[in-house]
Every structure is written in structure tokens, then in C-alpha cells.
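Quick notes on the structure that follows.
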Amino acid sequence: MKAITLHGVGDVRVESVADARIVDPTDVVVRITTSAICGSDLHQYHGRGATPGAPPLVEPGSVMGHEFMGVVEEVGPSVARVKKGDRIVAPFSISCGQCEWCRMRLPTQCVATGRAVFGGRFGKQYPGGQAERIRVPFADHMCETVPADMADEDAFFLGDILSTGYCCAENAGIRPGDSVAVFGAGPVGLLALQSAHLFGPARIFVVDRVGYRLKLAEELGGIPVNLDRGHPAEQLRALTGGRGPDAVLECVGHETPFAQSIQAVRPGGTVSSVGVYVEPLIGFPVREAFFKDLTLKMGICNARNYIVPLMGLIQAGRLAPTRIITHTIPLTDAPRGYTIFDRKEDQAIKVMLKP
Ligand SMILES: [Zn+2]
Ligand SMILES: [Zn+2]
């Protein structure tokens with residue numbers, strides 16, 4: 001089957017790899033109908049997080065991607081609930097559904113898989129979803145059936161970035177009338193913006209410097225704050241009568257926006273961070289965080305928990321995740337997709353792949 005494989009920094013290729021197949025009796029094999037390139041794929045693409053001189057974290061030639069959906073084609077002998085022909089979406093992290101952490105609704109901490117992510121480099125290695133087919137382990141727990149009247153694109157983001165954006169907003173404890181700032185107008189930030197509206201804030205500012213992304217943020221009901229016009233904490237204070245936003249949603253995953261989020265939030269406010277950090281935070285403003293009495297919530301989203309409730313919000317028209325899609329290209333064109341997404345060329349926000 002065809003798949004997108006990683007060979008080194010900036011080197012993704014379309015290759016023929018071994019077909020996905022049933023390995024454990026609880027597996028299914030899914031024929032992928034839609035996949036996508038995620039911001040966190042770019043960490044691997046850039047070789048971030050690896051120790052200089054050490055071997056690469058991902059085996060050269062491993063299949064990329066953790067965002068996918070499709071139709072079940074083969075079913076392992078112990079799978080009871082999922083049937084051949086089911087159209088399913090699955091979360092980006094792989095969990096057994098039965099270990100201590102899974103039972104505590106923390107599937108990202110699953111001990112059975114060692115916190116594995118499809119196409120990822122931690123825990124057990126499972127090939128990714130930028131491919132024609134994928135093996136989905138623990139299928140009865142992992143797979144959620146998608147209603148026939150829901151387009152792929154509507155359901156697709158439940159597996160990762162819509163759940164992540166929603167979870168970022170939920171963790172921020174937004175109350176009606178609050179002012180909120182979202183750092184980062186990338187795919188997750190824009191979905192965090194959509195999600196934040198559901199909690200009833202008076203105003204949501206969106207901080208970025210990429211004009212076309214700020215424009216979409218504005219169309220989605222955000223108030224753009226351009227980083228090129230001064231320190232975001234100062235701009236946000238000026239926009240909130242000198243106090244700073246009640247909640248800050250950090251959706252970038254770099255040291256600078258993390259520090260700026262802490263600097264921007266009002267005393268006693270909440271910073272909620274879902275950006276993926278792969279390097280140590282040298283500039284953590286711990287003194288400011290302490291004296292502000294702030295609440296910090298950060299972490300990887302337990303997306304499995306959000307798939308069912310958020311599906312209802314999409315069907316009711318309360319969330320419109322397809323608004324962030326700017327490109328739909330063939331899987332075999334994915335190397336170009338990585339380039340334009342990485343370099344923010346051609347006004348790229350979310351690049352979808354069709355096998
Ligand atoms: Zn992702
Ligand atoms: Zn588990």
C-alpha cells in the first residue's frame with residue numbers, strides 16, 4: 001500500500017510499504033478515506049526533540065500521521081462491537097480501555113501501549129494514518145462509528161484537533177462574560193476559538209502574526225491581536241481595561257507564547273495550554289506565575305473522551321470544524337502538503353489528504 005514515510009529532517013516520501021494487517025485479535029484494519037497533516041507532525045518533520053548525535057527518535061521509513069478516518073475492512077477474531085463496513089473515527093493516541101489509567105479516563109496514559117500515538121515515537125510503535133490503510137488496535141474501545149449523514153470532514157477532527165481545542169477551552173474554566181485570549185491561530189487555536197464561544201465569554205482575542213490566519217479568526221468571531229504590533233501581554237491589557245484576559249488558551253507549544261500567556265493573564269486567571277512541547281522551557285516566568293496566583297492546566301488531550309459529546313455539537317451546528325480546511329490534496333502529494341503547511345504558503349491552515 002502507499003504511505004507517507006519519514007526519512008530525515010524535511011524528508012517525507014511517498015512509498016510502498018507492507019499492507020496494514022491484523023496483528024492482535026483485538027485489531028481491525030481500516031481503509032482510510034481521509035487523513036491530514038497535523039502541526040505535531042512538523043515536530044517529527046523537523047527532527048525536534050531528538051538529542052544531538054543520538055539516533056533519530058523515529059525509525060527512518062516509518063509511516064507518518066495520527067489523524068485519519070475510514071471504513072473497517074478486516075476485523076480481528078476478538079473484536080465484538082466493530083463490524084466490517086463500519087465507518088469510524090479514532091483518537092490519535094492508542095489506548096487499551098482497560099488499564100488503570102484508561103479506567104480513570106486518561107487514555108493518553110495507557111500502560112498497555114506505553115502512551116503510544118499513531119505514527120509517533122513514544123511507547124509502542126504503530127504505523128500512522130497518512131496511508132491507504134491502518135491497523136487500529138483495541139478496536140472495540142478505540143473506534144467510534146460515524147453516522148452515514150455526516151461527511152468525513154465534519155467528523156474527522158474529533159480524533160485530534162477539535163477535541164484538543166475544546167479541551168483547551170474547557171480546562172480554562174471560562175465563565176459567561178469573561179475575556180479570553182487564544183495564542184496561535186493555527187488549526188488547534190482556531191478550533192479552540194470555536195469551542196471557547198460555547199462557554200459564553202464576552203470577548204475572545206486571537207494572537208498571531210500571520211495575516212490570513214487572523215482574518216479567519218475574525219470571521220469565526222475572534223478579535224485579532226497582531227504580534228507585530230507590540231508585546232501581546234501589553235496589547236491584551238490595553239484591550240481589557242488594564243487587567244488582562246481572564247483565561248488564556250495557549251495553542252502553539254513554544255517557549256515564547258507560553259511565557260507570554262502567563263504574562264498576559266489577569267491575576268487569579270487561568271492559563272490552559274495544549275501546545276505540544278518537545279524541548280525544555282528555559283524561560284518559564286515562574287516568579288510572575290507565582291505572584292499572580294494563576295491556575296495553569298496543561299497536557300495532552302484525552303481525545304477519546306470527547307468524540308461522542310462533540311459529535312453531537314457538530315451535528316447541531318454549534319461547532320463548524322470544516323472552516324479551517326484550506327487544502328484537500330491527494331495522499332501522493334503529501335510532501336508538497338508538508339512544505340506549504342510548514343512554510344505557511346498558499347494561505348495553508350489545514351491540509352487534508354485523500355488516498
Ligand atoms: Zn494532531
Ligand atoms: Zn490502557
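Within each chain, counting starts at residue 1; across the C-alpha cells, chains are named A, B, ... in the order shown, with ligands numbered 1 upward in that order.
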At a cut-off of 12 Å around ligand 1, and using only C-alpha atoms and all ligand atoms, what residues come up? Please write them as a PyMOL selection string. chain A and resi 35-44+64-68+90-93+117-120+128-130+156-165+186-188+274-276+300-301+303+350-351
Proximity check chain A to ligand 2, 7 Å, nearest pairs one decimal Å, only C-alpha atoms and all ligand atoms, as a Markdown table:
| residue | atom | partner | partner_atom_place_in_ligand_line | distance |
| --- | --- | --- | --- | --- |
| A:Ser95 | CA | ligand 2 | 1 (Zn) | 4.7 |
| A:Cys96 | CA | ligand 2 | 1 (Zn) | 3.9 |
| A:Gly97 | CA | ligand 2 | 1 (Zn) | 4.8 |
| A:Gln98 | CA | ligand 2 | 1 (Zn) | 5.1 |
| A:Cys99 | CA | ligand 2 | 1 (Zn) | 4.0 |
| A:Glu100 | CA | ligand 2 | 1 (Zn) | 6.7 |
| A:Trp101 | CA | ligand 2 | 1 (Zn) | 5.9 |
| A:Cys102 | CA | ligand 2 | 1 (Zn) | 4.4 |
| A:Pro107 | CA | ligand 2 | 1 (Zn) | 5.9 |
| A:Cys110 | CA | ligand 2 | 1 (Zn) | 3.6 |
| A:Val111 | CA | ligand 2 | 1 (Zn) | 5.4 |
| A:Ala112 | CA | ligand 2 | 1 (Zn) | 5.2 |
| A:Thr113 | CA | ligand 2 | 1 (Zn) | 7.0 |
With only C-alpha atoms as the basis for distance, which of A:Gly312, A:Gly211, A:Pro321, A:Gly70 is at the shortest distance from Leu190 (chain A)?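 Checking each of A:Gly312, A:Gly211, A:Pro321, A:Gly70 against Leu190 (chain A), counting only C-alpha atoms, the winner is A:Pro321.
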Any idea what's packed within 12 Å of Gln235 (chain A), counting only C-alpha atoms, ignoring anything in its chain fewer than 6 positions away? Could you give it as a ChimeraX atom specification? /A:181,205-207,223-229,241-245,260,263-265
Quick one: write out the picked residues with all heavy atoms as a compact mmCIF listing (two decimals), in the first residue's frame?
# COMPACT_ATOMS: atom_id res chain seq x y z
N ALA A 181 -8.18 35.04 25.72
CA ALA A 181 -7.21 35.21 24.63
C ALA A 181 -6.73 33.84 24.19
O ALA A 181 -6.39 33.00 25.02
CB ALA A 181 -6.03 36.06 25.09
N PHE A 205 -10.00 37.22 22.16
CA PHE A 205 -8.90 37.76 21.35
C PHE A 205 -8.09 36.60 20.80
O PHE A 205 -7.95 35.56 21.46
CB PHE A 205 -8.00 38.66 22.21
CG PHE A 205 -8.75 39.76 22.88
CD1 PHE A 205 -9.18 39.65 24.21
CD2 PHE A 205 -9.08 40.92 22.18
CE1 PHE A 205 -9.89 40.67 24.82
CE2 PHE A 205 -9.80 41.94 22.79
CZ PHE A 205 -10.20 41.82 24.12
N VAL A 206 -7.56 36.79 19.60
CA VAL A 206 -6.73 35.74 19.00
C VAL A 206 -5.40 36.36 18.60
O VAL A 206 -5.35 37.34 17.84
CB VAL A 206 -7.41 35.09 17.78
CG1 VAL A 206 -6.52 34.00 17.19
CG2 VAL A 206 -8.76 34.50 18.18
N VAL A 207 -4.32 35.79 19.15
CA VAL A 207 -2.98 36.36 18.99
C VAL A 207 -2.19 35.54 17.98
O VAL A 207 -2.03 34.33 18.13
CB VAL A 207 -2.25 36.35 20.35
CG1 VAL A 207 -0.87 36.97 20.22
CG2 VAL A 207 -3.07 37.05 21.43
N ILE A 223 -11.27 38.44 17.99
CA ILE A 223 -10.74 39.80 17.80
C ILE A 223 -9.24 39.67 17.58
O ILE A 223 -8.52 39.24 18.49
CB ILE A 223 -11.03 40.68 19.04
CG1 ILE A 223 -12.55 40.73 19.30
CG2 ILE A 223 -10.45 42.08 18.86
CD1 ILE A 223 -12.91 41.23 20.69
N PRO A 224 -8.74 39.98 16.38
CA PRO A 224 -7.32 39.74 16.08
C PRO A 224 -6.39 40.64 16.89
O PRO A 224 -6.66 41.83 17.07
CB PRO A 224 -7.20 40.06 14.59
CG PRO A 224 -8.55 40.33 14.08
CD PRO A 224 -9.47 40.55 15.24
N VAL A 225 -5.31 40.06 17.36
CA VAL A 225 -4.24 40.81 18.03
C VAL A 225 -2.95 40.42 17.31
O VAL A 225 -2.53 39.26 17.37
CB VAL A 225 -4.15 40.46 19.53
CG1 VAL A 225 -2.93 41.11 20.17
CG2 VAL A 225 -5.42 40.89 20.25
N ASN A 226 -2.38 41.38 16.59
CA ASN A 226 -1.21 41.06 15.77
C ASN A 226 0.09 41.23 16.58
O ASN A 226 0.39 42.31 17.08
CB ASN A 226 -1.19 41.96 14.53
CG ASN A 226 -0.22 41.43 13.49
OD1 ASN A 226 0.88 40.98 13.82
ND2 ASN A 226 -0.62 41.48 12.23
N LEU A 227 0.85 40.16 16.66
CA LEU A 227 2.11 40.15 17.42
C LEU A 227 3.10 41.20 16.92
O LEU A 227 3.98 41.62 17.67
CB LEU A 227 2.77 38.77 17.29
CG LEU A 227 2.20 37.66 18.16
CD1 LEU A 227 2.73 36.32 17.69
CD2 LEU A 227 2.59 37.90 19.62
N ASP A 228 2.96 41.57 15.65
CA ASP A 228 3.91 42.55 15.10
C ASP A 228 3.64 43.96 15.63
O ASP A 228 4.42 44.87 15.39
CB ASP A 228 3.85 42.54 13.57
CG ASP A 228 4.49 41.29 13.00
OD1 ASP A 228 5.34 40.68 13.70
OD2 ASP A 228 4.14 40.89 11.87
N ARG A 229 2.53 44.12 16.34
CA ARG A 229 2.20 45.48 16.83
C ARG A 229 2.58 45.67 18.29
O ARG A 229 2.07 46.57 18.94
CB ARG A 229 0.71 45.75 16.63
CG ARG A 229 0.35 45.69 15.16
CD ARG A 229 -0.87 46.51 14.80
NE ARG A 229 -1.17 46.30 13.38
CZ ARG A 229 -2.31 45.84 12.91
NH1 ARG A 229 -3.31 45.58 13.74
NH2 ARG A 229 -2.50 45.65 11.63
N GLY A 241 -9.02 46.94 29.66
CA GLY A 241 -9.07 47.93 30.74
C GLY A 241 -7.94 47.79 31.74
O GLY A 241 -8.11 48.07 32.92
N GLY A 242 -6.80 47.29 31.28
CA GLY A 242 -5.63 47.21 32.13
C GLY A 242 -5.50 45.92 32.94
O GLY A 242 -4.51 45.72 33.63
N ARG A 243 -6.50 45.02 32.87
CA ARG A 243 -6.44 43.84 33.76
C ARG A 243 -5.84 42.60 33.13
O ARG A 243 -5.23 41.78 33.82
CB ARG A 243 -7.81 43.47 34.35
CG ARG A 243 -8.95 43.76 33.46
CD ARG A 243 -10.37 43.58 34.02
NE ARG A 243 -10.64 42.56 34.99
CZ ARG A 243 -11.01 41.32 34.69
NH1 ARG A 243 -11.07 40.92 33.44
NH2 ARG A 243 -11.31 40.48 35.67
N GLY A 244 -6.01 42.42 31.83
CA GLY A 244 -5.58 41.17 31.19
C GLY A 244 -6.75 40.21 31.10
O GLY A 244 -7.70 40.29 31.88
N PRO A 245 -6.72 39.28 30.13
CA PRO A 245 -7.82 38.34 29.96
C PRO A 245 -7.97 37.39 31.15
O PRO A 245 -7.01 37.07 31.83
CB PRO A 245 -7.46 37.57 28.69
CG PRO A 245 -6.08 37.95 28.33
CD PRO A 245 -5.65 39.12 29.14
N GLN A 260 4.46 34.33 27.30
CA GLN A 260 3.56 35.46 27.06
C GLN A 260 2.16 35.21 27.61
O GLN A 260 1.49 36.14 28.07
CB GLN A 260 3.49 35.75 25.55
CG GLN A 260 4.79 36.34 25.00
CD GLN A 260 4.81 36.40 23.48
OE1 GLN A 260 4.04 35.71 22.81
NE2 GLN A 260 5.70 37.22 22.93
N GLN A 263 2.32 36.00 31.18
CA GLN A 263 2.43 37.45 31.35
C GLN A 263 1.10 38.14 31.05
O GLN A 263 0.79 39.19 31.62
CB GLN A 263 3.52 38.00 30.43
CG GLN A 263 4.92 37.61 30.90
CD GLN A 263 5.95 37.60 29.78
OE1 GLN A 263 5.62 37.78 28.61
NE2 GLN A 263 7.21 37.36 30.13
N ALA A 264 0.30 37.56 30.15
CA ALA A 264 -0.92 38.23 29.71
C ALA A 264 -2.10 38.03 30.65
O ALA A 264 -2.92 38.93 30.83
CB ALA A 264 -1.30 37.74 28.31
N VAL A 265 -2.21 36.86 31.26
CA VAL A 265 -3.43 36.52 32.01
C VAL A 265 -3.59 37.46 33.21
O VAL A 265 -2.60 37.94 33.78
CB VAL A 265 -3.40 35.04 32.43
CG1 VAL A 265 -2.45 34.79 33.60
CG2 VAL A 265 -4.79 34.51 32.74
For CA of Ala131 (chain A) and CA of Gly253 (chain A), quote the distance in Å rounded to one decimal.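 Rounded to one decimal, the two atoms are 26.6 Å apart.
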Could you tell me which of A:Met311, A:Ile88, A:Val252, A:Val79 comes closest to Val278 (chain A) if we count only C-alpha atoms? A:Val252
Contacts of region 192-202 of chain A within 7 Å, only C-alpha atoms, excl. fewer than 3 positions in-chain, as number ranges by chain: A: 165-166, 168-169, 174-180, 182, 188-189, 220, 319
Spatial neighbours of Ile329 (chain A), 7 Å, only C-alpha atoms, chain gap at least 4 places, as JSON, numbers by chain: {"A": [333, 352, 353, 354]}
Who sits within 12 Å of Ala148 (chain A), only C-alpha atoms, same chain under 6 positions skipped, as a PyMOL selection string: chain A and resi 71+85-88+154-155+315
So which residues touch Lys292 (chain A) within 6 Å, counting only C-alpha atoms, skipping near sequence neighbours fewer than 3 positions away, as a count of residues only? 4
Can you tell me, as an MDAnalysis selection string, which residues in region 68-128 of chain A count as strand (DSSP E) by DSSP? chainID A and resid 68:75 87:89
For the residues in that selection, give me N, CA, C and O atoms as a tab-separated table (two decimals), in the first residue's frame.
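See part-v5.tsv below for the written result:
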chain	number	residue	atom	x	y	z
A	68	PHE	N	-6.87	10.41	11.03
A	68	PHE	CA	-7.39	9.60	9.92
A	68	PHE	C	-8.81	9.17	10.25
A	68	PHE	O	-9.22	9.16	11.41
A	69	MET	N	-9.55	8.80	9.22
A	69	MET	CA	-10.79	8.06	9.42
A	69	MET	C	-11.03	7.19	8.20
A	69	MET	O	-10.34	7.34	7.18
A	70	GLY	N	-11.96	6.27	8.30
A	70	GLY	CA	-12.18	5.39	7.17
A	70	GLY	C	-13.16	4.29	7.47
A	70	GLY	O	-13.96	4.37	8.41
A	71	VAL	N	-13.09	3.23	6.64
A	71	VAL	CA	-14.06	2.15	6.68
A	71	VAL	C	-13.35	0.86	7.11
A	71	VAL	O	-12.30	0.53	6.56
A	72	VAL	N	-13.95	0.17	8.06
A	72	VAL	CA	-13.36	-1.07	8.58
A	72	VAL	C	-13.40	-2.14	7.48
A	72	VAL	O	-14.45	-2.41	6.91
A	73	GLU	N	-12.24	-2.72	7.24
A	73	GLU	CA	-12.15	-3.68	6.14
A	73	GLU	C	-11.91	-5.11	6.65
A	73	GLU	O	-12.36	-6.07	6.04
A	74	GLU	N	-11.15	-5.22	7.74
A	74	GLU	CA	-10.88	-6.55	8.31
A	74	GLU	C	-11.07	-6.44	9.81
A	74	GLU	O	-10.73	-5.42	10.41
A	75	VAL	N	-11.55	-7.50	10.42
A	75	VAL	CA	-11.87	-7.49	11.86
A	75	VAL	C	-11.19	-8.67	12.53
A	75	VAL	O	-11.35	-9.82	12.09
A	87	ARG	N	-18.07	2.73	9.30
A	87	ARG	CA	-17.28	3.93	9.03
A	87	ARG	C	-16.92	4.52	10.38
A	87	ARG	O	-17.79	4.80	11.20
A	88	ILE	N	-15.62	4.68	10.64
A	88	ILE	CA	-15.20	5.02	12.00
A	88	ILE	C	-14.20	6.18	12.03
A	88	ILE	O	-13.50	6.48	11.06
A	89	VAL	N	-14.16	6.81	13.22
A	89	VAL	CA	-13.09	7.76	13.53
A	89	VAL	C	-12.45	7.26	14.82
A	89	VAL	O	-13.11	6.60	15.63
Residues of region 127-191 of chain A in helix (DSSP H, G or I) according to DSSP, as a list in words? Ala139, Asp140, His141, Met142, Asp152, Glu153, Asp154, Ala155, Phe156, Phe157, Leu158, Gly159, Ile161, Leu162, Ser163, Thr164, Gly165, Tyr166, Cys167, Cys168, Ala169, Glu170, Asn171, Pro187, Val188, Gly189, Leu190 and Leu191 of chain A
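With CA of Pro25 (chain A) on one side and CA of Pro77 (chain A) on the other, the separation reads 5.2 Å.
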Which residue out of A:Thr326, A:Ser273, A:Asn305, A:Thr145 has the minimum interatomic distance to Lys83 (chain A) when only C-alpha atoms are used? A:Thr145
Pick from A:Ile32, A:Leu191, A:Gln347, A:Val308: nearest to Arg323 (chain A), with only C-alpha atoms counted? A:Leu191
